[in-house]
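Text of query-v1.pdb (PDB, C-alpha atoms) as supplied:
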ATOM      1  CA  MET A   1      77.174  99.499  45.403
ATOM      2  CA  ASN A   2      74.993  98.948  48.476
ATOM      3  CA  ILE A   3      75.637  95.200  48.300
ATOM      4  CA  PHE A   4      79.387  95.790  48.087
ATOM      5  CA  LEU A   5      79.261  98.201  51.038
ATOM      6  CA  GLU A   6      77.230  95.706  53.059
ATOM      7  CA  ILE A   7      79.715  92.920  52.314
ATOM      8  CA  PHE A   8      82.608  95.204  53.235
ATOM      9  CA  MET A   9      81.052  96.387  56.492
ATOM     10  CA  LYS A  10      80.103  92.954  57.847
ATOM     11  CA  PRO A  11      83.610  91.914  58.962
ATOM     12  CA  ILE A  12      84.228  95.404  60.378
ATOM     13  CA  ASN A  13      81.008  95.212  62.393
ATOM     14  CA  TRP A  14      81.971  91.747  63.583
ATOM     15  CA  VAL A  15      85.433  92.918  64.710
ATOM     16  CA  CYS A  16      83.951  95.950  66.483
ATOM     17  CA  SER A  17      81.367  93.788  68.219
ATOM     18  CA  PHE A  18      84.078  91.354  69.292
ATOM     19  CA  VAL A  19      86.322  94.158  70.646
ATOM     20  CA  PHE A  20      83.452  95.796  72.524
ATOM     21  CA  SER A  21      82.443  92.433  73.968
ATOM     22  CA  ILE A  22      85.968  91.924  75.312
ATOM     23  CA  ILE A  23      85.998  95.435  76.794
ATOM     24  CA  ALA A  24      82.597  94.890  78.391
ATOM     25  CA  PHE A  25      83.756  91.556  79.816
ATOM     26  CA  LEU A  26      86.938  93.109  81.264
ATOM     27  CA  LEU A  27      84.924  95.946  82.802
ATOM     28  CA  LEU A  28      82.561  93.416  84.324
ATOM     29  CA  VAL A  29      85.489  91.444  85.774
ATOM     30  CA  PHE A  30      87.052  94.626  87.170
ATOM     31  CA  ALA A  31      83.760  95.720  88.731
ATOM     32  CA  THR A  32      83.275  92.280  90.292
ATOM     33  CA  VAL A  33      86.794  92.223  91.700
ATOM     34  CA  ALA A  34      86.520  95.816  92.946
ATOM     35  CA  LEU A  35      83.169  95.260  94.626
ATOM     36  CA  SER A  36      84.429  92.133  96.371
ATOM     37  CA  ILE A  37      87.697  93.700  97.556
ATOM     38  CA  ASN A  38      86.738  93.355 101.224
ATOM     39  CA  LEU A  39      86.403  89.610 100.722
ATOM     40  CA  TRP A  40      89.588  88.780  98.836
ATOM     41  CA  LEU A  41      92.059  91.477  99.985
ATOM     42  CA  PRO A  42      92.350  90.255 103.631
ATOM     43  CA  ARG A  43      93.156  86.804 102.221
ATOM     44  CA  LEU A  44      95.400  87.805  99.319
ATOM     45  CA  ALA A  45      97.514  90.477 101.058
ATOM     46  CA  PRO A  46      98.969  88.072 103.694
ATOM     47  CA  LEU A  47     100.017  85.671 100.924
ATOM     48  CA  LEU A  48     101.758  88.445  98.980
ATOM     49  CA  VAL A  49     103.536  89.763 102.077
ATOM     50  CA  ARG A  50     104.705  86.327 103.156
ATOM     51  CA  ASN A  51     105.879  85.429  99.661
ATOM     52  CA  ASP A  52     107.777  88.716  99.333
ATOM     53  CA  SER A  53     109.367  89.031 102.766
ATOM     54  CA  GLY A  54     108.521  86.031 104.941
ATOM     55  CA  PHE A  55     106.680  88.264 107.400
ATOM     56  CA  ARG A  56     103.195  87.106 108.421
ATOM     57  CA  LEU A  57     100.272  89.490 108.024
ATOM     58  CA  LYS A  58      96.761  89.139 109.417
ATOM     59  CA  ILE A  59      93.954  91.593 108.610
ATOM     60  CA  GLY A  60      90.986  91.480 110.957
ATOM     61  CA  GLU A  61      88.595  93.562 108.877
ATOM     62  CA  SER A  62      88.609  95.566 105.651
ATOM     63  CA  GLU A  63      86.227  98.376 104.683
ATOM     64  CA  SER A  64      87.703  99.515 101.392
ATOM     65  CA  ASN A  65      86.352 100.967  98.146
ATOM     66  CA  VAL A  66      88.459 100.883  94.991
ATOM     67  CA  PHE A  67      86.234 103.331  93.148
ATOM     68  CA  THR A  68      86.667 106.084  95.759
ATOM     69  CA  LEU A  69      90.248 105.072  96.655
ATOM     70  CA  ASN A  70      89.191 104.735 100.270
ATOM     71  CA  PHE A  71      91.016 101.959 102.157
ATOM     72  CA  ASN A  72      90.361 101.045 105.780
ATOM     73  CA  PHE A  73      91.944  98.134 107.645
ATOM     74  CA  PHE A  74      91.304  97.224 111.271
ATOM     75  CA  ASP A  75      92.989  94.889 113.789
ATOM     76  CA  VAL A  76      96.068  94.251 111.669
ATOM     77  CA  ILE A  77      98.823  92.031 113.070
ATOM     78  CA  LEU A  78     102.264  91.740 111.485
ATOM     79  CA  GLU A  79     104.637  89.037 112.740
ATOM     80  CA  ASN A  80     108.369  88.639 112.137
ATOM     81  CA  ASN A  81     109.833  86.117 109.754
ATOM     82  CA  GLY A  82     112.163  83.300 110.789
ATOM     83  CA  HIS A  83     115.203  85.606 111.080
ATOM     84  CA  TYR A  84     114.043  86.808 114.495
ATOM     85  CA  PRO A  85     113.653  84.856 117.759
ATOM     86  CA  VAL A  86     110.308  86.503 118.622
ATOM     87  CA  SER A  87     107.215  86.688 116.452
ATOM     88  CA  LYS A  88     105.733  89.965 117.727
ATOM     89  CA  PHE A  89     106.269  92.954 115.478
ATOM     90  CA  VAL A  90     103.299  95.273 114.843
ATOM     91  CA  ASP A  91      99.867  95.459 116.440
ATOM     92  CA  LEU A  92      97.842  97.892 114.372
ATOM     93  CA  LYS A  93      94.391  98.950 115.467
ATOM     94  CA  GLN A  94      93.554 100.971 112.357
ATOM     95  CA  PHE A  95      95.097 102.003 109.067
ATOM     96  CA  SER A  96      93.010 104.241 106.815
ATOM     97  CA  THR A  97      93.815 106.292 103.755
ATOM     98  CA  ASP A  98      91.500 108.180 101.436
ATOM     99  CA  LEU A  99      93.074 109.478  98.228
ATOM    100  CA  LEU A 100      91.693 112.200  95.980
ATOM    101  CA  PHE A 101      91.460 110.411  92.623
ATOM    102  CA  PHE A 102      92.156 113.298  90.244
ATOM    103  CA  SER A 103      95.197 114.372  92.268
ATOM    104  CA  LEU A 104      96.955 111.164  91.149
ATOM    105  CA  PHE A 105      97.459 112.843  87.773
ATOM    106  CA  LYS A 106      98.905 116.013  89.276
ATOM    107  CA  LYS A 107     102.218 116.990  90.834
ATOM    108  CA  GLN A 108     100.572 117.298  94.254
ATOM    109  CA  VAL A 109      98.887 114.108  95.391
ATOM    110  CA  THR A 110      96.192 114.831  97.968
ATOM    111  CA  VAL A 111      95.386 112.414 100.786
ATOM    112  CA  GLU A 112      92.021 113.514 102.121
ATOM    113  CA  ASN A 113      92.268 111.411 105.260
ATOM    114  CA  PHE A 114      95.064 109.371 106.822
ATOM    115  CA  VAL A 115      94.798 107.472 110.105
ATOM    116  CA  LEU A 116      97.440 105.203 111.653
ATOM    117  CA  ASP A 117      96.664 103.881 115.133
ATOM    118  CA  LEU A 118      99.606 101.821 116.385
ATOM    119  CA  PRO A 119      99.155 100.642 120.006
ATOM    120  CA  GLN A 120     102.400  98.640 120.047
ATOM    121  CA  MET A 121     105.479  97.899 117.981
ATOM    122  CA  THR A 122     108.261  95.459 118.852
ATOM    123  CA  TYR A 123     111.600  96.623 117.506
ATOM    124  CA  VAL A 124     113.892  93.591 117.262
ATOM    125  CA  LYS A 125     117.599  93.492 116.498
ATOM    126  CA  SER A 126     118.810  89.958 115.840
ATOM    127  CA  GLU A 127     122.170  88.456 116.831
ATOM    128  CA  SER A 128     123.442  89.117 113.309
ATOM    129  CA  GLY A 129     122.501  92.804 113.587
ATOM    130  CA  ASP A 130     119.434  92.699 111.335
ATOM    131  CA  VAL A 131     116.519  94.951 112.340
ATOM    132  CA  ASN A 132     112.959  93.803 111.665
ATOM    133  CA  VAL A 133     111.704  97.297 110.764
ATOM    134  CA  GLU A 134     114.437  97.776 108.178
ATOM    135  CA  GLU A 135     114.151  94.296 106.692
ATOM    136  CA  PHE A 136     110.392  94.578 106.300
ATOM    137  CA  LEU A 137     110.517  97.999 104.636
ATOM    138  CA  ARG A 138     113.376  97.014 102.355
ATOM    139  CA  SER A 139     111.396  94.043 101.109
ATOM    140  CA  PHE A 140     108.964  96.551  99.590
ATOM    141  CA  PHE A 141     110.942  99.743  98.983
ATOM    142  CA  GLY A 142     114.626  98.987  99.120
ATOM    143  CA  LYS A 143     116.920  96.017  98.779
ATOM    144  CA  GLY A 144     114.467  93.123  98.712
ATOM    145  CA  LYS A 145     114.273  90.358  96.139
ATOM    146  CA  LYS A 146     112.205  92.522  93.774
ATOM    147  CA  SER A 147     114.092  95.737  94.427
ATOM    148  CA  ARG A 148     114.996  96.351  90.776
ATOM    149  CA  VAL A 149     111.388  96.887  89.809
ATOM    150  CA  ARG A 150     110.764  99.057  92.845
ATOM    151  CA  ALA A 151     113.940 101.049  92.197
ATOM    152  CA  LYS A 152     112.698 101.866  88.692
ATOM    153  CA  GLU A 153     109.325 102.897  90.086
ATOM    154  CA  GLN A 154     111.066 105.070  92.678
ATOM    155  CA  GLU A 155     113.244 106.725  90.035
ATOM    156  CA  LYS A 156     110.132 107.437  87.964
ATOM    157  CA  ALA A 157     108.397 108.972  90.994
ATOM    158  CA  GLN A 158     111.451 111.108  91.701
ATOM    159  CA  ARG A 159     111.466 112.357  88.105
ATOM    160  CA  LEU A 160     107.837 113.351  88.495
ATOM    161  CA  ASP A 161     108.890 115.187  91.687
ATOM    162  CA  ARG A 162     105.541 114.582  93.318
ATOM    163  CA  GLU A 163     104.496 116.119  96.596
ATOM    164  CA  PHE A 164     102.054 114.627  99.073
ATOM    165  CA  TYR A 165      99.573 116.808 100.898
ATOM    166  CA  PHE A 166      97.260 115.733 103.717
ATOM    167  CA  ASP A 167      93.874 117.315 104.368
ATOM    168  CA  HIS A 168      93.749 115.387 107.632
ATOM    169  CA  PHE A 169      96.539 113.368 109.263
ATOM    170  CA  LEU A 170      96.255 111.382 112.482
ATOM    171  CA  LEU A 171      99.005 109.226 113.974
ATOM    172  CA  HIS A 172      99.001 107.487 117.326
ATOM    173  CA  ILE A 173     101.843 105.354 118.715
ATOM    174  CA  GLY A 174     101.299 103.676 122.076
ATOM    175  CA  LYS A 175     104.573 102.015 123.025
ATOM    176  CA  ILE A 176     107.716 100.557 121.491
ATOM    177  CA  VAL A 177     109.296  97.403 122.898
ATOM    178  CA  VAL A 178     112.990  97.217 122.014
ATOM    179  CA  MET A 179     114.736  93.820 122.008
ATOM    180  CA  ASP A 180     118.464  93.775 121.252
ATOM    181  CA  TYR A 181     119.858  90.248 120.759
ATOM    182  CA  THR A 182     123.346  91.519 119.956
ATOM    183  CA  ALA A 183     123.780  92.163 123.690
ATOM    184  CA  ASP A 184     124.542  89.407 126.203
ATOM    185  CA  PRO A 185     122.270  89.050 128.048
ATOM    186  CA  VAL A 186     119.511  90.192 125.701
ATOM    187  CA  LYS A 187     118.677  93.835 126.315
ATOM    188  CA  VAL A 188     114.941  94.521 126.563
ATOM    189  CA  SER A 189     113.487  97.971 127.129
ATOM    190  CA  GLU A 190     110.122  99.648 126.713
ATOM    191  CA  ILE A 191     109.383 103.173 125.556
ATOM    192  CA  ARG A 192     105.885 104.345 126.439
ATOM    193  CA  LEU A 193     105.324 107.126 123.937
ATOM    194  CA  ASP A 194     101.548 107.625 124.107
ATOM    195  CA  TYR A 195     102.246 109.928 121.188
ATOM    196  CA  THR A 196      99.475 111.474 119.080
ATOM    197  CA  LEU A 197     100.025 113.764 116.114
ATOM    198  CA  GLU A 198      96.984 115.264 114.406
ATOM    199  CA  MET A 199      97.339 117.919 111.719
ATOM    200  CA  GLU A 200      95.226 119.365 108.926
ATOM    201  CA  ASN A 201      96.205 120.853 105.573
ATOM    202  CA  VAL A 202      99.845 119.880 105.877
ATOM    203  CA  SER A 203     102.531 118.694 103.455
ATOM    204  CA  ALA A 204     104.485 115.466 103.853
ATOM    205  CA  LYS A 205     107.735 117.412 104.312
ATOM    206  CA  LEU A 206     106.376 119.359 107.273
ATOM    207  CA  LEU A 207     105.066 116.124 108.781
ATOM    208  CA  GLU A 208     108.505 114.529 108.474
ATOM    209  CA  LYS A 209     110.136 117.435 110.291
ATOM    210  CA  LYS A 210     107.521 117.369 113.030
ATOM    211  CA  LEU A 211     107.836 113.603 113.501
ATOM    212  CA  LEU A 212     111.619 113.744 113.639
ATOM    213  CA  ALA A 213     111.596 116.480 116.250
ATOM    214  CA  ASP A 214     108.929 114.804 118.404
ATOM    215  CA  LEU A 215     110.397 111.293 118.309
ATOM    216  CA  ARG A 216     113.873 112.647 118.983
ATOM    217  CA  SER A 217     112.655 114.453 122.099
ATOM    218  CA  ARG A 218     111.016 111.217 123.295
ATOM    219  CA  GLY A 219     114.074 109.021 122.746
ATOM    220  CA  ALA A 220     112.637 107.168 119.755
ATOM    221  CA  LEU A 221     114.583 108.728 116.891
ATOM    222  CA  PHE A 222     116.075 105.281 116.158
ATOM    223  CA  LEU A 223     112.669 104.284 114.765
ATOM    224  CA  MET A 224     112.714 107.055 112.162
ATOM    225  CA  GLN A 225     116.378 106.300 111.476
ATOM    226  CA  SER A 226     115.421 102.717 110.589
ATOM    227  CA  VAL A 227     112.767 104.039 108.226
ATOM    228  CA  PHE A 228     115.293 106.363 106.577
ATOM    229  CA  ASN A 229     117.779 103.495 106.283
ATOM    230  CA  SER A 230     115.190 101.497 104.361
ATOM    231  CA  VAL A 231     113.293 104.051 102.279
ATOM    232  CA  LYS A 232     114.730 107.012 100.432
ATOM    233  CA  PHE A 233     113.149 110.203 101.725
ATOM    234  CA  PRO A 234     114.121 113.754 100.801
ATOM    235  CA  LEU A 235     115.052 114.469 104.425
ATOM    236  CA  ASN A 236     117.844 112.837 106.384
ATOM    237  CA  PRO A 237     117.571 112.680 110.188
ATOM    238  CA  GLU A 238     121.345 112.832 110.678
ATOM    239  CA  LYS A 239     121.551 116.055 108.682
ATOM    240  CA  ILE A 240     118.629 117.476 110.605
ATOM    241  CA  GLU A 241     120.296 116.586 113.922
ATOM    242  CA  THR A 242     123.568 118.168 112.778
ATOM    243  CA  ALA A 243     121.794 121.321 111.661
ATOM    244  CA  ALA A 244     119.848 121.459 114.929
ATOM    245  CA  GLY A 245     123.082 121.060 116.909
ATOM    246  CA  LYS A 246     124.779 123.884 115.008
ATOM    247  CA  PHE A 247     121.736 126.091 115.492
ATOM    248  CA  THR A 248     121.811 125.399 119.251
ATOM    249  CA  GLU A 249     125.522 126.235 119.434
ATOM    250  CA  LYS A 250     124.917 129.526 117.641
ATOM    251  CA  ILE A 251     122.146 130.435 120.074
ATOM    252  CA  LYS A 252     124.449 129.641 123.003
ATOM    253  CA  GLY A 253     127.201 131.777 121.483
ATOM    254  CA  ILE A 254     124.845 134.724 121.031
ATOM    255  CA  ALA A 255     123.625 134.328 124.613
ATOM    256  CA  GLU A 256     127.201 134.281 125.935
ATOM    257  CA  LYS A 257     128.071 137.466 124.083
ATOM    258  CA  ALA A 258     124.913 139.114 125.346
ATOM    259  CA  LYS A 259     125.826 138.514 129.020
ATOM    260  CA  PRO A 260     126.764 141.689 130.894
ATOM    261  CA  THR A 261     130.405 141.956 131.971
ATOM    262  CA  HIS A 262     131.140 142.414 135.701
ATOM    263  CA  ARG A 263     134.140 144.418 136.918
TER     264      ARG A 263
END
Could I get this structure in the form of structure tokens?
Amino acid sequence: MNIFLEIFMKPINWVCSFVFSIIAFLLLVFATVALSINLWLPRLAPLLVRNDSGFRLKIGESESNVFTLNFNFFDVILENNGHYPVSKFVDLKQFSTDLLFFSLFKKQVTVENFVLDLPQMTYVKSESGDVNVEEFLRSFFGKGKKSRVRAKEQEKAQRLDREFYFDHFLLHIGKIVVMDYTADPVKVSEIRLDYTLEMENVSAKLLEKKLLADLRSRGALFLMQSVFNSVKFPLNPEKIETAAGKFTEKIKGIAEKAKPTHR
């Protein structure tokens, strides 16, 4: 009986050893790749971006950690693809995001820290009417070559109805250079925003409302409009503007009625 059991168990032990060896090897590969992320990511990301959209990405420095979901990129330059007559697009001083791991399995995803320092952006509208901001975002979230896969992912995210919450949020935008090649001669203007938004313990929806209101007051709502044209968000800037206009008209009406009558 013992001999039979030993003969029977040998192949099972061999299979288990083989499976565990494969798992151990895969874990070792993952750990090696994760630990060397700061070496390969600045080289791999530009290739993926260029292959997907034609835009050229350069990452100066990466201080990221896969295990803690902490990603930090410094001195990032994004250049336009061949559809635009100028190469300048985005000069990014810092992009950092720190996700709370366990929140990824919950309805509310928590971003412990988010920093976006954008000294300059060049907003270009080509002769054909294409906008670099919209084309770049659509290549990842909208109507790019691989949009079917992304659309399915977006539908899945919408079904989950996830909410994003920021423990700390910091955004800085220096200036926006606008170049419109549909005009003759080319119309070039510069909007010096010097805009900083820093908030703590805030939801993504409240941030959207705040950004829309602030950029609208500074004459840069077109930037958010381009984002909304490319990525599906729960809020729509046109609806917000309409609602704000109606609210203003109501206030004016109340004020007019409240005026004293003179005889």
(request) Could you jot down the atom CA of A:Met199 to atom CA of A:Asn65 separation for me, Å, one decimal place? (result)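 Separating atom CA of A:Met199 from atom CA of A:Asn65 is a distance of 24.3 Å.
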(message) From (123.8, 91.7, 120.5), in the file's coordinates, out to 7 Å: which residues are reached, counting only C-alpha atoms? Answer as a PyMOL selection string.
(response) chain A and resi 127+180-184+186
Saved selection, atoms kept: C-alpha atoms, as a short mmCIF file (atom, residue, chain, number, x, y, z; two decimals), in the frame of the given file:
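selection30.cif written:
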data_model
loop_
_atom_site.label_atom_id
_atom_site.label_comp_id
_atom_site.auth_asym_id
_atom_site.auth_seq_id
_atom_site.Cartn_x
_atom_site.Cartn_y
_atom_site.Cartn_z
CA GLU A 127 122.17 88.46 116.83
CA ASP A 180 118.46 93.78 121.25
CA TYR A 181 119.86 90.25 120.76
CA THR A 182 123.35 91.52 119.96
CA ALA A 183 123.78 92.16 123.69
CA ASP A 184 124.54 89.41 126.20
CA VAL A 186 119.51 90.19 125.70
#
(message) Give me, as a ChimeraX atom specification, all polymer residues having an atom no more than 6 Å from stretch 113-117 of chain A, counting all atoms listed in the file and skipping those fewer than 5 positions away in the same chain.
(response) /A:93-98,168-172
(message) Can you measure atom CA of A:Ile23 to atom CA of A:Leu41 for me? One decimal in Å is fine.
(response) 24.3 Å
Quick check on the file I pasted: which residues fall under the PyMOL selection byres ((chain A and resi 84-92) around 8)? Write them as an mmCIF file with C-alpha atoms, in the frame of the given file.
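Saved as selection.cif:
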data_model
loop_
_atom_site.group_PDB
_atom_site.id
_atom_site.type_symbol
_atom_site.label_atom_id
_atom_site.label_comp_id
_atom_site.auth_asym_id
_atom_site.auth_seq_id
_atom_site.Cartn_x
_atom_site.Cartn_y
_atom_site.Cartn_z
ATOM 1 C CA PHE A 74 91.304 97.224 111.271
ATOM 2 C CA ASP A 75 92.989 94.889 113.789
ATOM 3 C CA VAL A 76 96.068 94.251 111.669
ATOM 4 C CA ILE A 77 98.823 92.031 113.070
ATOM 5 C CA LEU A 78 102.264 91.740 111.485
ATOM 6 C CA GLU A 79 104.637 89.037 112.740
ATOM 7 C CA ASN A 80 108.369 88.639 112.137
ATOM 8 C CA ASN A 81 109.833 86.117 109.754
ATOM 9 C CA GLY A 82 112.163 83.300 110.789
ATOM 10 C CA HIS A 83 115.203 85.606 111.080
ATOM 11 C CA LYS A 93 94.391 98.950 115.467
ATOM 12 C CA GLN A 94 93.554 100.971 112.357
ATOM 13 C CA PHE A 95 95.097 102.003 109.067
ATOM 14 C CA LEU A 116 97.440 105.203 111.653
ATOM 15 C CA ASP A 117 96.664 103.881 115.133
ATOM 16 C CA LEU A 118 99.606 101.821 116.385
ATOM 17 C CA PRO A 119 99.155 100.642 120.006
ATOM 18 C CA GLN A 120 102.400 98.640 120.047
ATOM 19 C CA MET A 121 105.479 97.899 117.981
ATOM 20 C CA THR A 122 108.261 95.459 118.852
ATOM 21 C CA TYR A 123 111.600 96.623 117.506
ATOM 22 C CA VAL A 124 113.892 93.591 117.262
ATOM 23 C CA LYS A 125 117.599 93.492 116.498
ATOM 24 C CA SER A 126 118.810 89.958 115.840
ATOM 25 C CA ASN A 132 112.959 93.803 111.665
#
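Each of A:Leu99, A:Arg216, A:Ile173, A:Lys187 was checked against A:Val66 using all atoms listed in the file; the smallest atom-to-atom distance is that of A:Leu99.
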(request) Starting from the shown file, work through the PyMOL selection byres ((chain A and resi 49) around 12) and note down what comes out as number ranges by chain. (result) A: 41-48, 50-59, 78-81, 136-137, 139-140, 144
(request) In Å, rounded to a single decimal, give me how far atom CA of A:Glu112 is from atom CA of A:Ala204. (result)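 Separation between atom CA of A:Ala204 and atom CA of A:Glu112: 12.7 Å.
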(request) Please evaluate the PyMOL selection byres ((chain A and resi 177) around 7) against the structure above and give the resulting residues as a list in words. (result) Met121, Thr122, Tyr123, Lys175, Ile176, Val178, Met179, Ser189, Glu190 and Ile191 of chain A
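With only C-alpha atoms as the atoms that count, the residue of A:Leu215, A:Leu100, A:Leu206, A:Val227 with the shortest distance to A:Glu135 is A:Val227.
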(message) Show me, as a PyMOL selection string, the residues that have an atom within 12 Å of A:Leu207 when counting only C-alpha atoms, minus same-chain residues fewer than 4 positions from it.
(response) chain A and resi 164-166+168-171+197-203+211-215+235
Let's have the selection written as a PDB file, keeping the file's coordinate frame, with C-alpha atoms.
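So the final result, stored in part04.pdb, reads:
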ATOM      1  CA  PHE A 164     102.054 114.627  99.073  1.00  0.00           C
ATOM      2  CA  TYR A 165      99.573 116.808 100.898  1.00  0.00           C
ATOM      3  CA  PHE A 166      97.260 115.733 103.717  1.00  0.00           C
ATOM      4  CA  HIS A 168      93.749 115.387 107.632  1.00  0.00           C
ATOM      5  CA  PHE A 169      96.539 113.368 109.263  1.00  0.00           C
ATOM      6  CA  LEU A 170      96.255 111.382 112.482  1.00  0.00           C
ATOM      7  CA  LEU A 171      99.005 109.226 113.974  1.00  0.00           C
ATOM      8  CA  LEU A 197     100.025 113.764 116.114  1.00  0.00           C
ATOM      9  CA  GLU A 198      96.984 115.264 114.406  1.00  0.00           C
ATOM     10  CA  MET A 199      97.339 117.919 111.719  1.00  0.00           C
ATOM     11  CA  GLU A 200      95.226 119.365 108.926  1.00  0.00           C
ATOM     12  CA  ASN A 201      96.205 120.853 105.573  1.00  0.00           C
ATOM     13  CA  VAL A 202      99.845 119.880 105.877  1.00  0.00           C
ATOM     14  CA  SER A 203     102.531 118.694 103.455  1.00  0.00           C
ATOM     15  CA  LEU A 211     107.836 113.603 113.501  1.00  0.00           C
ATOM     16  CA  LEU A 212     111.619 113.744 113.639  1.00  0.00           C
ATOM     17  CA  ALA A 213     111.596 116.480 116.250  1.00  0.00           C
ATOM     18  CA  ASP A 214     108.929 114.804 118.404  1.00  0.00           C
ATOM     19  CA  LEU A 215     110.397 111.293 118.309  1.00  0.00           C
ATOM     20  CA  LEU A 235     115.052 114.469 104.425  1.00  0.00           C
TER      21      LEU A 235
END
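Among A:Ser21, A:Thr196, A:Ser62, A:Ser226, the residue with the shortest atom-to-atom distance to A:Ser36, counting all atoms listed in the file, is A:Ser62.
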My structure is short of atoms at stretch 168-174 of chain A; please model all heavy atoms there, returning them as a PDB file, keeping the file's coordinate frame.
ATOM      1  N   HIS A 168      93.833 115.765 106.215  1.00  0.00           N
ATOM      2  CA  HIS A 168      93.749 115.387 107.632  1.00  0.00           C
ATOM      3  C   HIS A 168      94.713 114.238 107.886  1.00  0.00           C
ATOM      4  O   HIS A 168      94.718 113.241 107.165  1.00  0.00           O
ATOM      5  CB  HIS A 168      92.325 114.965 108.007  1.00  0.00           C
ATOM      6  CG  HIS A 168      92.203 114.508 109.430  1.00  0.00           C
ATOM      7  ND1 HIS A 168      92.056 113.171 109.766  1.00  0.00           N
ATOM      8  CD2 HIS A 168      92.247 115.197 110.608  1.00  0.00           C
ATOM      9  CE1 HIS A 168      91.978 113.061 111.082  1.00  0.00           C
ATOM     10  NE2 HIS A 168      92.100 114.258 111.616  1.00  0.00           N
ATOM     11  N   PHE A 169      95.534 114.377 108.920  1.00  0.00           N
ATOM     12  CA  PHE A 169      96.539 113.368 109.263  1.00  0.00           C
ATOM     13  C   PHE A 169      96.442 113.076 110.752  1.00  0.00           C
ATOM     14  O   PHE A 169      96.460 113.995 111.580  1.00  0.00           O
ATOM     15  CB  PHE A 169      97.943 113.881 108.921  1.00  0.00           C
ATOM     16  CG  PHE A 169      99.050 112.922 109.261  1.00  0.00           C
ATOM     17  CD1 PHE A 169      99.519 112.046 108.309  1.00  0.00           C
ATOM     18  CD2 PHE A 169      99.629 112.911 110.525  1.00  0.00           C
ATOM     19  CE1 PHE A 169     100.549 111.146 108.615  1.00  0.00           C
ATOM     20  CE2 PHE A 169     100.644 112.035 110.832  1.00  0.00           C
ATOM     21  CZ  PHE A 169     101.107 111.148 109.875  1.00  0.00           C
ATOM     22  N   LEU A 170      96.332 111.787 111.078  1.00  0.00           N
ATOM     23  CA  LEU A 170      96.255 111.382 112.482  1.00  0.00           C
ATOM     24  C   LEU A 170      97.149 110.166 112.714  1.00  0.00           C
ATOM     25  O   LEU A 170      96.987 109.131 112.071  1.00  0.00           O
ATOM     26  CB  LEU A 170      94.817 111.046 112.877  1.00  0.00           C
ATOM     27  CG  LEU A 170      94.610 110.491 114.303  1.00  0.00           C
ATOM     28  CD1 LEU A 170      95.080 111.500 115.342  1.00  0.00           C
ATOM     29  CD2 LEU A 170      93.153 110.127 114.533  1.00  0.00           C
ATOM     30  N   LEU A 171      98.094 110.312 113.620  1.00  0.00           N
ATOM     31  CA  LEU A 171      99.005 109.226 113.974  1.00  0.00           C
ATOM     32  C   LEU A 171      99.014 109.046 115.479  1.00  0.00           C
ATOM     33  O   LEU A 171      99.128 110.019 116.228  1.00  0.00           O
ATOM     34  CB  LEU A 171     100.420 109.542 113.489  1.00  0.00           C
ATOM     35  CG  LEU A 171     101.540 108.626 114.011  1.00  0.00           C
ATOM     36  CD1 LEU A 171     101.387 107.218 113.449  1.00  0.00           C
ATOM     37  CD2 LEU A 171     102.910 109.209 113.662  1.00  0.00           C
ATOM     38  N   HIS A 172      98.884 107.783 115.900  1.00  0.00           N
ATOM     39  CA  HIS A 172      99.001 107.487 117.326  1.00  0.00           C
ATOM     40  C   HIS A 172      99.925 106.293 117.510  1.00  0.00           C
ATOM     41  O   HIS A 172      99.760 105.259 116.852  1.00  0.00           O
ATOM     42  CB  HIS A 172      97.645 107.173 117.960  1.00  0.00           C
ATOM     43  CG  HIS A 172      97.765 106.716 119.389  1.00  0.00           C
ATOM     44  ND1 HIS A 172      97.680 105.381 119.740  1.00  0.00           N
ATOM     45  CD2 HIS A 172      98.017 107.405 120.536  1.00  0.00           C
ATOM     46  CE1 HIS A 172      97.853 105.273 121.050  1.00  0.00           C
ATOM     47  NE2 HIS A 172      98.054 106.477 121.555  1.00  0.00           N
ATOM     48  N   ILE A 173     100.930 106.454 118.382  1.00  0.00           N
ATOM     49  CA  ILE A 173     101.843 105.354 118.715  1.00  0.00           C
ATOM     50  C   ILE A 173     101.780 105.154 120.221  1.00  0.00           C
ATOM     51  O   ILE A 173     102.084 106.080 120.985  1.00  0.00           O
ATOM     52  CB  ILE A 173     103.287 105.664 118.284  1.00  0.00           C
ATOM     53  CG1 ILE A 173     103.349 105.993 116.789  1.00  0.00           C
ATOM     54  CG2 ILE A 173     104.193 104.478 118.585  1.00  0.00           C
ATOM     55  CD1 ILE A 173     104.734 106.404 116.316  1.00  0.00           C
ATOM     56  N   GLY A 174     101.404 103.965 120.647  1.00  0.00           N
ATOM     57  CA  GLY A 174     101.299 103.676 122.076  1.00  0.00           C
ATOM     58  C   GLY A 174     102.658 103.458 122.722  1.00  0.00           C
ATOM     59  O   GLY A 174     103.182 104.315 123.421  1.00  0.00           O
TER      60      GLY A 174
END
